[in-house]
Each structure stands twice: as structure tokens, then as C-alpha cells.
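Asker: For reference, the structure I am asking about is given below.
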Amino acid sequence: MRWALVKVSLAVTAMVVVAFAIPLGLVIKEMARDRAFSNAERQAAAIGPTLSITADRDPLERAVMSTQAGSAGRMAVHIPASGEPGSQPVNIGTRRATQKDLATTQRLGRASITEVTGGSALLQPTAISTGQIAVVEVFVPEGEVSNGVDTAWLVLAGVGIALIVGSVAVADRLGIRMVQPAQRLAGAAHDLGEGKLGARVPEEGPTELRSAAIAFNSMADQVVQLLANERELAADLSHRLRTPLTVLRLNAASLGDGPAADQTRAAVEQLEREVDTIIRTAREAKPQTASPGPGAGCDASEVVRERMDFWSALAEDEGREVRVAGVDRPVRIPVARPELAAALDALLGNVFRHTPEGTAFSVDVHNGGDAVIVLVSDAGPGITDPEAAMARGNSGGRDGSTGLGLDIVRRVAESTGGDVRIGSSVLGGTEVRIWIGLDPREGLPGERRRGHRGTVRRRKGVRLMK
């Protein structure tokens with residue numbers, strides 16, 4: 001595709017250059033010829049006043065030598081005999097035109113141009129005092145007729161070559177701009193087909209390819225979400241088997257002794273182990289999303305708006321005031337849409353589970369340039385021990401909590417080189433801050449994180465209370 005575009009550009013530009021350069025070169029050649037003969041006419045006209053006064057040789061020779069053409073030996077004056085007895089024709093200078101051409105010019109009384117050896121001759125008829133017609137001959141060398149034409153042709157050729165080279169270079173750049181996104185899209189599709197679910201493409205290039213990249217990334221995110229749903233469904237269905245398995249194990253324990261009873265109890269134990277293995281495998285299995293490509297991730301603002309639309313209905317039923325900020329413009333982050341949605345659902349679900357009805361909460365997105373910060377704050381009673389709440393599987397002092405929600409949030413943040421912090425909210429309750437690095441391949445240094453954290457804490461009150 002790239003080389004086809006280059007070939008088309010080369011052919012079109014060459015046609016345009018030929019269509020304009022050749023006629024322009026011919027026009028320049030004609031202009032040079034006209035300029036040369038116009039100058040010869042002016043030289044011939046300079047002799048006219050002298051011829052109208054006298055036909056004597058001496059003054060005419062002086063007049064001829066006073067002109068540029070005459071001093072260069074390129075002018076001649078031909079005066080016919082007066083018709084009186086003993087009169088002779090007067091010829092001044094070197095004659096190059098034939099006698100026939102001179103006679104024709106005298107008879108017709110019109111200027112003419114005739115080809116002679118080494119160039120052309122302008123024959124200019126002029127009336128003299130005797131009433132006869134004299135002919136002024138001005139020789140125009142071939143080099144003067146084509147003066148500047150060769151240079152003009154070289155300039156035109158240079159301009160044409162420059163246009164062709166420039167158009168090929170531009171076409172090549174345009175071809176690369178079109179081909180590279182298509183190649184990345186094809187490569188990502190191939191990787192996705194091989195099971196690399198983290199394959200994404202940059203959403204850039206021409207409009208059509210950018211739309212295709214957006215659709216591909218959305219499709220890949222949906223595939224990841226569907227697989228995650230399938231694993232969760234397998235885990236949930238396996239978990240449901242535990243209740244009937246417990247009853248079966250209790251019934252098997254009451255069978256007494258004997259080979260059949262022992263075999264039944266062994267089968268029940270093996271079945272329990274298999275169910276546990278299925279649950280653990282389904283829970284721990286993760287799609288192959290390592291090393292996401294440059295186009296992987298989602299729009300944090302869009303995901304926050306989507307999840308807040310979902311939770312706002314429940315908040316309205318419970319009389320909770322909801323504030324959302326920082327989602328008025330796209331904020332791209334290197335986190336898959338399902339993972340960010342799961343983290344937000346975990347935090348917002350904690351707000352509804354662990355704060356009384358009517359408790360206000362807010363969600364704020366802050367784009368810091370090299371990181372994105374998502375703040376989830378509430379006006380509830382707060383967490384007694386924030387440090388303990390960050391420990392895996394710890395509830396942080398909240399009854400009925402397993403701490404798995406915060407663990408999900410932490411995994412999302414740490415996958416980008418960020419972290420999660422719990423503190424006091426300006427609303428009076430708990431604030432959970434999710435730090436998401438914009439380059440998942442490089443974690444943020446500790447000093448740099450602390451510097452940004454301080455900046456956010458100084459500004460968060462203003463941002464959340466607006």
C-alpha cells in the first residue's frame with residue numbers, strides 16, 4: 001500500500017511537471033527570440049533619421065558605427081542606385097542576406113527575417129531622401145536568439161525534479177502514517193488470536209484506522225471481561241456445590257464401617273478437593289495481559305461516569321448526596337476498563353455497606369501529567385485503623401468486611417507502578433486515594449510519589465468542595 005501510494009504520486013507529479021514545464025520552456029524560448037529581434041529592430045530604427053537626410057556613404061558609415069550592432073560588425077545598409085546616369089548602389093557593412101531577399105523586402109516595403117549562416121538577419125526597409133527604399137540589415141547570431149533559454153530549461157528541470165522528489169517524500173510519509181497503524185492493528189489481531197489478551201493498538205492514524213483501533217481495543221476489553229465473567233461463573237457454580245457436598249459428607253459419615261462406606265467417604269473427599277481446586281484455579285487465573293501495548297487501557301473519566309450512573313440510582317434511593325469532579329475531559333490510563341470498573345465498584349460498594357443511609361460521598365479524578373489520581377471520599381464514620389485496612393484480607397475494623405475489595409483496588413494501582421492510600425476525607429469520613437501511573441513499565445520513585453502526594457493533599461479540599 002505504501003509503495004503503491006508512492007508510485008501513484010510519482011506518476012501524477014511527473015505528468016503535472018511535464019504538462020507545465022514543456023509549454024513554459026517553449027514560451028521562454030519564444031520570448032528570448034522576440035527579445036533578440038526587438039533589439040535588432042531598435043538598432044535598425046536608429047539609422048532611419050540619417051537615411052532620411054542623406055544617402056552619402058561617410059555620414060552613413062559614421063551612423064552605423066555609432067550603433068551597438070554596427071560597431072560589432074552586424075549591421076549593413078543597402079541603398080539602391082538613384083537612377084541618374086552614373087549612379088551606383090551604396091552598400092555599407094557586410095551583407096549576409098541574399099540579393100533576392102533584399103529585393104523582396106524593397107518591393108514589399110515590410111520588415112522580414114531571413115535565415116543566414118550562423119543566425120538570422122532582420123531586413124528593415126527605410127525610405128530615403130531620394131524617394132527610394134533602402135534596406136537596413138541587422139545580423140542576429142543564433143546564440144543571442146537562444147540567450148538564457150538553456151538556463152531556463154535547467155531551472156525548470158531542477159524545479160520539476162524537486163517537485164517529484166518532494167511529492168514522493170510526502171507520499172512516503174503519508175504511506176507510513178497509513179500503513180503503520182494498519183500493521184499494528186494486524187499484529188495486535190494476530191496476538192489476540194494467539195491468546196495474548198493484553199494486545200492493544202494505539203488509537204491514532206487516519207480516521208478510519210483510528211475507528212478500527214478503538215473498536216479493536218473495545219472488543220479486546222470485552223473478550224477479557226467475558227473470560228473474567230466465565231471464570232467467576234465457574235467459581236460461583238463450584239462454590240454452590242459445597243453445600244450439597246457438606247450434606248453428602250455428613251451422610252457418608254453416618255454409613256458406619258465397611259468397604260462401601262469407606263469408598264463413599266473417599267469419593268466425597270476427592271470430590272471436595274476437586275471443587276476446591278476448581279474454585280482456586282478460577283479465582284487465581286488471570287488473562288494474559290502482561291506488558292500492555294501503547295494503546296491498552298481505558299478512559300478513566302468515561303468509566304467513572306458510567307459507574308456513577310449505576311450507583312447514583314441507589315444513592316438517590318438512600319438520600320445520599322453525590323459529588324463527581326474531574327470527569328469533564330478524557331483521561332487515558334493504562335488500566336483495562338473491567339479492572340478499573342471492578343475497583344470503583346469495590347470502593348463504592350464499601351461506602352454503601354459501611355456508612356449509614358444519607359451519608360454523602362464523592363469521586364474525583366485528577367490528571368497530574370505523569371499519574372492519574374482517583375479519590376473516593378465519604379462523610380461516614382471513617383476507618384479506625386487505615387494501616388491495618390491495607391493489609392491483605394483485613395477488614396480494617398469494619399464488621400462484615402473481608403478486605404478483598406481494597407485488595408482488588410491495590411492490585412489495579414500497583415500494576416501501573418502506583419499505590420493506594422487511606423486517610424481522612426474533607427467530608428469527615430474516609431478517603432481512599434488510588435495513584436495510577438501513566439507508564440505501567442516504570443514505577444514511580446518513592447520521593448517522587450511523596451512529592452505528588454503532598455501536592456494532592458494541599459489541593460484536595462478545594463477540588464472536592466467545589
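Identifiers in this document derive from the order of the C-alpha cells: chains are assigned A, B, ..., residues are numbered from 1 separately in each chain, and ligands are numbered from 1 in order of occurrence.
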Would you list the contacts of Ala76 of chain A as a list in words, taking every protein, DNA or RNA residue within 6 Å and counting only C-alpha atoms, but skipping same-chain residues closer than 3 positions in sequence?
Answerer: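 Result of the neighbour search: Ile92, Gly93, Thr94, Val136 and Glu137 of chain A.
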Asker: List as a PyMOL selection string the protein and nucleic acid residues near segment 21-25 of chain A, meaning an atom at most 8 Å away when only C-alpha atoms are counted, but skip any in the same chain fewer than 2 places from it.
Answerer: chain A and resi 17-19+27-29+149+152-153+156-157+160
Asker: Residues within 12 Å of Arg57 of chain A, please, as JSON, numbers by chain. Count only C-alpha atoms; anything in the same chain fewer than 6 positions from it doesn't count.
Answerer: {"A": [50, 51, 63, 64, 76, 77, 78, 79, 88, 89, 90, 91, 92, 93]}
Asker: Could those residues be written to a file, using N, CA, C and O atoms, as a PDB file, in the first residue's frame?
Answerer:
ATOM      1  N   THR A  50      19.129  59.302 -40.166  1.00  0.00           N
ATOM      2  CA  THR A  50      20.256  59.639 -41.034  1.00  0.00           C
ATOM      3  C   THR A  50      19.914  59.360 -42.495  1.00  0.00           C
ATOM      4  O   THR A  50      20.234  60.142 -43.400  1.00  0.00           O
ATOM      5  N   LEU A  51      19.248  58.206 -42.736  1.00  0.00           N
ATOM      6  CA  LEU A  51      18.874  57.861 -44.102  1.00  0.00           C
ATOM      7  C   LEU A  51      17.873  58.853 -44.681  1.00  0.00           C
ATOM      8  O   LEU A  51      17.856  59.098 -45.903  1.00  0.00           O
ATOM      9  N   ALA A  63      27.084  56.841 -38.825  1.00  0.00           N
ATOM     10  CA  ALA A  63      25.844  56.497 -38.114  1.00  0.00           C
ATOM     11  C   ALA A  63      25.788  55.008 -37.793  1.00  0.00           C
ATOM     12  O   ALA A  63      25.348  54.599 -36.707  1.00  0.00           O
ATOM     13  N   VAL A  64      26.235  54.190 -38.743  1.00  0.00           N
ATOM     14  CA  VAL A  64      26.232  52.742 -38.499  1.00  0.00           C
ATOM     15  C   VAL A  64      27.181  52.393 -37.368  1.00  0.00           C
ATOM     16  O   VAL A  64      26.872  51.591 -36.470  1.00  0.00           O
ATOM     17  N   ALA A  76      24.368  46.247 -41.690  1.00  0.00           N
ATOM     18  CA  ALA A  76      24.698  46.658 -43.059  1.00  0.00           C
ATOM     19  C   ALA A  76      23.551  47.499 -43.602  1.00  0.00           C
ATOM     20  O   ALA A  76      22.389  47.304 -43.236  1.00  0.00           O
ATOM     21  N   VAL A  77      23.893  48.468 -44.499  1.00  0.00           N
ATOM     22  CA  VAL A  77      22.890  49.332 -45.131  1.00  0.00           C
ATOM     23  C   VAL A  77      23.025  49.173 -46.645  1.00  0.00           C
ATOM     24  O   VAL A  77      24.146  49.295 -47.199  1.00  0.00           O
ATOM     25  N   HIS A  78      21.903  48.912 -47.307  1.00  0.00           N
ATOM     26  CA  HIS A  78      21.890  48.676 -48.749  1.00  0.00           C
ATOM     27  C   HIS A  78      20.992  49.730 -49.390  1.00  0.00           C
ATOM     28  O   HIS A  78      19.760  49.717 -49.186  1.00  0.00           O
ATOM     29  N   ILE A  79      21.619  50.657 -50.164  1.00  0.00           N
ATOM     30  CA  ILE A  79      20.886  51.734 -50.840  1.00  0.00           C
ATOM     31  C   ILE A  79      20.951  51.484 -52.344  1.00  0.00           C
ATOM     32  O   ILE A  79      22.057  51.354 -52.924  1.00  0.00           O
ATOM     33  N   GLN A  88      25.543  54.665 -58.568  1.00  0.00           N
ATOM     34  CA  GLN A  88      25.818  53.281 -58.196  1.00  0.00           C
ATOM     35  C   GLN A  88      25.136  52.967 -56.841  1.00  0.00           C
ATOM     36  O   GLN A  88      24.913  53.866 -56.025  1.00  0.00           O
ATOM     37  N   PRO A  89      24.788  51.692 -56.635  1.00  0.00           N
ATOM     38  CA  PRO A  89      24.229  51.316 -55.306  1.00  0.00           C
ATOM     39  C   PRO A  89      25.267  51.537 -54.211  1.00  0.00           C
ATOM     40  O   PRO A  89      26.476  51.430 -54.442  1.00  0.00           O
ATOM     41  N   VAL A  90      24.808  51.853 -53.028  1.00  0.00           N
ATOM     42  CA  VAL A  90      25.679  52.051 -51.873  1.00  0.00           C
ATOM     43  C   VAL A  90      25.444  50.915 -50.885  1.00  0.00           C
ATOM     44  O   VAL A  90      24.306  50.688 -50.437  1.00  0.00           O
ATOM     45  N   ASN A  91      26.499  50.198 -50.550  1.00  0.00           N
ATOM     46  CA  ASN A  91      26.415  49.103 -49.584  1.00  0.00           C
ATOM     47  C   ASN A  91      27.436  49.365 -48.475  1.00  0.00           C
ATOM     48  O   ASN A  91      28.642  49.442 -48.747  1.00  0.00           O
ATOM     49  N   ILE A  92      26.939  49.506 -47.288  1.00  0.00           N
ATOM     50  CA  ILE A  92      27.778  49.766 -46.123  1.00  0.00           C
ATOM     51  C   ILE A  92      27.686  48.550 -45.191  1.00  0.00           C
ATOM     52  O   ILE A  92      26.600  48.101 -44.834  1.00  0.00           O
ATOM     53  N   GLY A  93      28.823  48.029 -44.782  1.00  0.00           N
ATOM     54  CA  GLY A  93      28.840  46.859 -43.909  1.00  0.00           C
ATOM     55  C   GLY A  93      28.846  45.562 -44.678  1.00  0.00           C
ATOM     56  O   GLY A  93      28.842  45.534 -45.920  1.00  0.00           O
TER      57      GLY A  93
END
Asker: Just asking: which residues within segment 298-370 of chain A are strand (DSSP E or B) according to DSSP, as a PyMOL selection string?
Answerer: chain A and resi 298-299+322-325+332-333+361-367
Asker: Considering only helix (DSSP H, G or I) as DSSP defines it on the backbone, what residues of segment 62-238 of chain A qualify? List them as a PyMOL selection string.
Answerer: chain A and resi 62-65+68-71+99-108+142-145+149-193+207-238
Asker: What's around segment 427-431 of chain A at 8 Å? Count only C-alpha atoms, leave out sequence neighbours fewer than 4 positions away in its own chain, and write the answer as an mmCIF file with all heavy atoms, in the first residue's frame.
Answerer:
data_model
loop_
_atom_site.group_PDB
_atom_site.id
_atom_site.type_symbol
_atom_site.label_atom_id
_atom_site.label_comp_id
_atom_site.auth_asym_id
_atom_site.auth_seq_id
_atom_site.Cartn_x
_atom_site.Cartn_y
_atom_site.Cartn_z
ATOM 1 N N ALA A 360 -23.122 11.358 52.529
ATOM 2 C CA ALA A 360 -22.649 11.866 51.242
ATOM 3 C C ALA A 360 -21.317 11.222 50.872
ATOM 4 O O ALA A 360 -20.554 10.790 51.739
ATOM 5 C CB ALA A 360 -22.498 13.384 51.299
ATOM 6 N N PHE A 361 -21.039 11.169 49.582
ATOM 7 C CA PHE A 361 -19.741 10.689 49.118
ATOM 8 C C PHE A 361 -19.404 11.378 47.798
ATOM 9 O O PHE A 361 -20.282 11.990 47.151
ATOM 10 C CB PHE A 361 -19.729 9.163 48.966
ATOM 11 C CG PHE A 361 -20.633 8.642 47.876
ATOM 12 C CD1 PHE A 361 -20.156 8.393 46.600
ATOM 13 C CD2 PHE A 361 -21.977 8.385 48.133
ATOM 14 C CE1 PHE A 361 -20.972 7.902 45.604
ATOM 15 C CE2 PHE A 361 -22.805 7.896 47.137
ATOM 16 C CZ PHE A 361 -22.312 7.655 45.871
ATOM 17 N N LEU A 375 -9.855 9.797 43.711
ATOM 18 C CA LEU A 375 -10.181 9.930 45.133
ATOM 19 C C LEU A 375 -11.640 9.542 45.346
ATOM 20 O O LEU A 375 -12.534 10.070 44.681
ATOM 21 C CB LEU A 375 -9.959 11.372 45.604
ATOM 22 C CG LEU A 375 -8.522 11.911 45.537
ATOM 23 C CD1 LEU A 375 -8.508 13.375 45.912
ATOM 24 C CD2 LEU A 375 -7.618 11.124 46.461
ATOM 25 N N VAL A 376 -11.878 8.626 46.269
ATOM 26 C CA VAL A 376 -13.231 8.242 46.672
ATOM 27 C C VAL A 376 -13.371 8.617 48.148
ATOM 28 O O VAL A 376 -12.683 8.053 49.005
ATOM 29 C CB VAL A 376 -13.494 6.739 46.458
ATOM 30 C CG1 VAL A 376 -14.893 6.380 46.918
ATOM 31 C CG2 VAL A 376 -13.303 6.378 44.987
ATOM 32 N N SER A 377 -14.214 9.577 48.434
ATOM 33 C CA SER A 377 -14.360 10.113 49.794
ATOM 34 C C SER A 377 -15.798 9.961 50.256
ATOM 35 O O SER A 377 -16.738 9.960 49.447
ATOM 36 C CB SER A 377 -13.960 11.597 49.832
ATOM 37 O OG SER A 377 -12.684 11.794 49.259
ATOM 38 N N ASP A 378 -15.974 9.833 51.558
ATOM 39 C CA ASP A 378 -17.327 9.764 52.118
ATOM 40 C C ASP A 378 -17.365 10.551 53.423
ATOM 41 O O ASP A 378 -16.336 10.942 53.976
ATOM 42 C CB ASP A 378 -17.755 8.308 52.335
ATOM 43 C CG ASP A 378 -16.889 7.576 53.348
ATOM 44 O OD1 ASP A 378 -16.881 7.984 54.531
ATOM 45 O OD2 ASP A 378 -16.212 6.594 52.964
ATOM 46 N N ALA A 379 -18.576 10.796 53.899
ATOM 47 C CA ALA A 379 -18.785 11.543 55.141
ATOM 48 C C ALA A 379 -19.203 10.609 56.279
ATOM 49 O O ALA A 379 -19.889 11.025 57.220
ATOM 50 C CB ALA A 379 -19.845 12.625 54.932
ATOM 51 N N GLY A 380 -18.775 9.342 56.168
ATOM 52 C CA GLY A 380 -19.165 8.355 57.175
ATOM 53 C C GLY A 380 -18.301 8.398 58.425
ATOM 54 O O GLY A 380 -17.546 9.353 58.660
ATOM 55 N N PRO A 381 -18.360 7.334 59.234
ATOM 56 C CA PRO A 381 -17.608 7.300 60.496
ATOM 57 C C PRO A 381 -16.110 7.111 60.304
ATOM 58 O O PRO A 381 -15.344 7.319 61.242
ATOM 59 C CB PRO A 381 -18.220 6.106 61.228
ATOM 60 C CG PRO A 381 -18.750 5.228 60.140
ATOM 61 C CD PRO A 381 -19.237 6.158 59.072
ATOM 62 N N GLY A 382 -15.662 6.716 59.113
ATOM 63 C CA GLY A 382 -14.237 6.543 58.864
ATOM 64 C C GLY A 382 -13.755 5.157 59.253
ATOM 65 O O GLY A 382 -14.495 4.325 59.796
ATOM 66 N N ILE A 383 -12.466 4.908 58.980
ATOM 67 C CA ILE A 383 -11.837 3.622 59.292
ATOM 68 C C ILE A 383 -10.954 3.806 60.523
ATOM 69 O O ILE A 383 -10.140 4.727 60.588
ATOM 70 C CB ILE A 383 -11.011 3.113 58.104
ATOM 71 C CG1 ILE A 383 -11.940 2.828 56.908
ATOM 72 C CG2 ILE A 383 -10.235 1.859 58.462
ATOM 73 C CD1 ILE A 383 -11.205 2.337 55.684
ATOM 74 N N ILE A 422 -5.121 5.296 52.362
ATOM 75 C CA ILE A 422 -6.363 5.567 53.075
ATOM 76 C C ILE A 422 -6.093 6.674 54.081
ATOM 77 O O ILE A 422 -5.104 6.642 54.813
ATOM 78 C CB ILE A 422 -6.893 4.321 53.792
ATOM 79 C CG1 ILE A 422 -7.217 3.216 52.777
ATOM 80 C CG2 ILE A 422 -8.138 4.656 54.616
ATOM 81 C CD1 ILE A 422 -7.687 1.937 53.412
ATOM 82 N N GLY A 423 -6.967 7.671 54.100
ATOM 83 C CA GLY A 423 -6.805 8.776 55.033
ATOM 84 C C GLY A 423 -8.147 9.374 55.392
ATOM 85 O O GLY A 423 -9.210 8.798 55.114
#
Asker: Residues near Ala97 of chain A, anyone? I mean within 10 Å using only C-alpha atoms, not counting same-chain ones fewer than 6 positions away, as JSON, numbers by chain.
Answerer: {"A": [76, 113, 114, 115, 116, 117, 120, 121, 122, 123, 137, 138, 139]}
Asker: Just give me the gap between atom CA of Thr359 of chain A and atom CA of Met308 of chain A in Å, one decimal is fine.
Answerer: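 Result for atom CA of Thr359 of chain A versus atom CA of Met308 of chain A: 15.6 Å, one decimal.
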Asker: For each of A:Glu41, A:Arg184, A:Gly175, A:Gly319, take the minimum atom-to-atom distance to Ser112 of chain A, counting only C-alpha atoms, then give the residue where this is smallest.
Answerer: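 Among the listed residues, the smallest separation from Ser112 of chain A belongs to A:Glu41.
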Asker: Counting only C-alpha atoms, which of A:Asp370, A:Glu274, A:Asp257, A:Asp364 gets nearest to Ile434 of chain A?
Answerer: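 Of the candidates, the smallest distance to Ile434 of chain A is held by A:Asp364.
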Asker: For the atom pair atom CA of Gln106 of chain A and atom CA of Ile133 of chain A, what is the interatomic distance in Å to one decimal place?
Answerer: 5.8 Å
Asker: Go ahead and compute the interatomic distance for atom CA of His354 of chain A and atom CA of Asp419 of chain A, in Å to one decimal.
Answerer: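 That distance, rounded to one decimal, is 22.8 Å.
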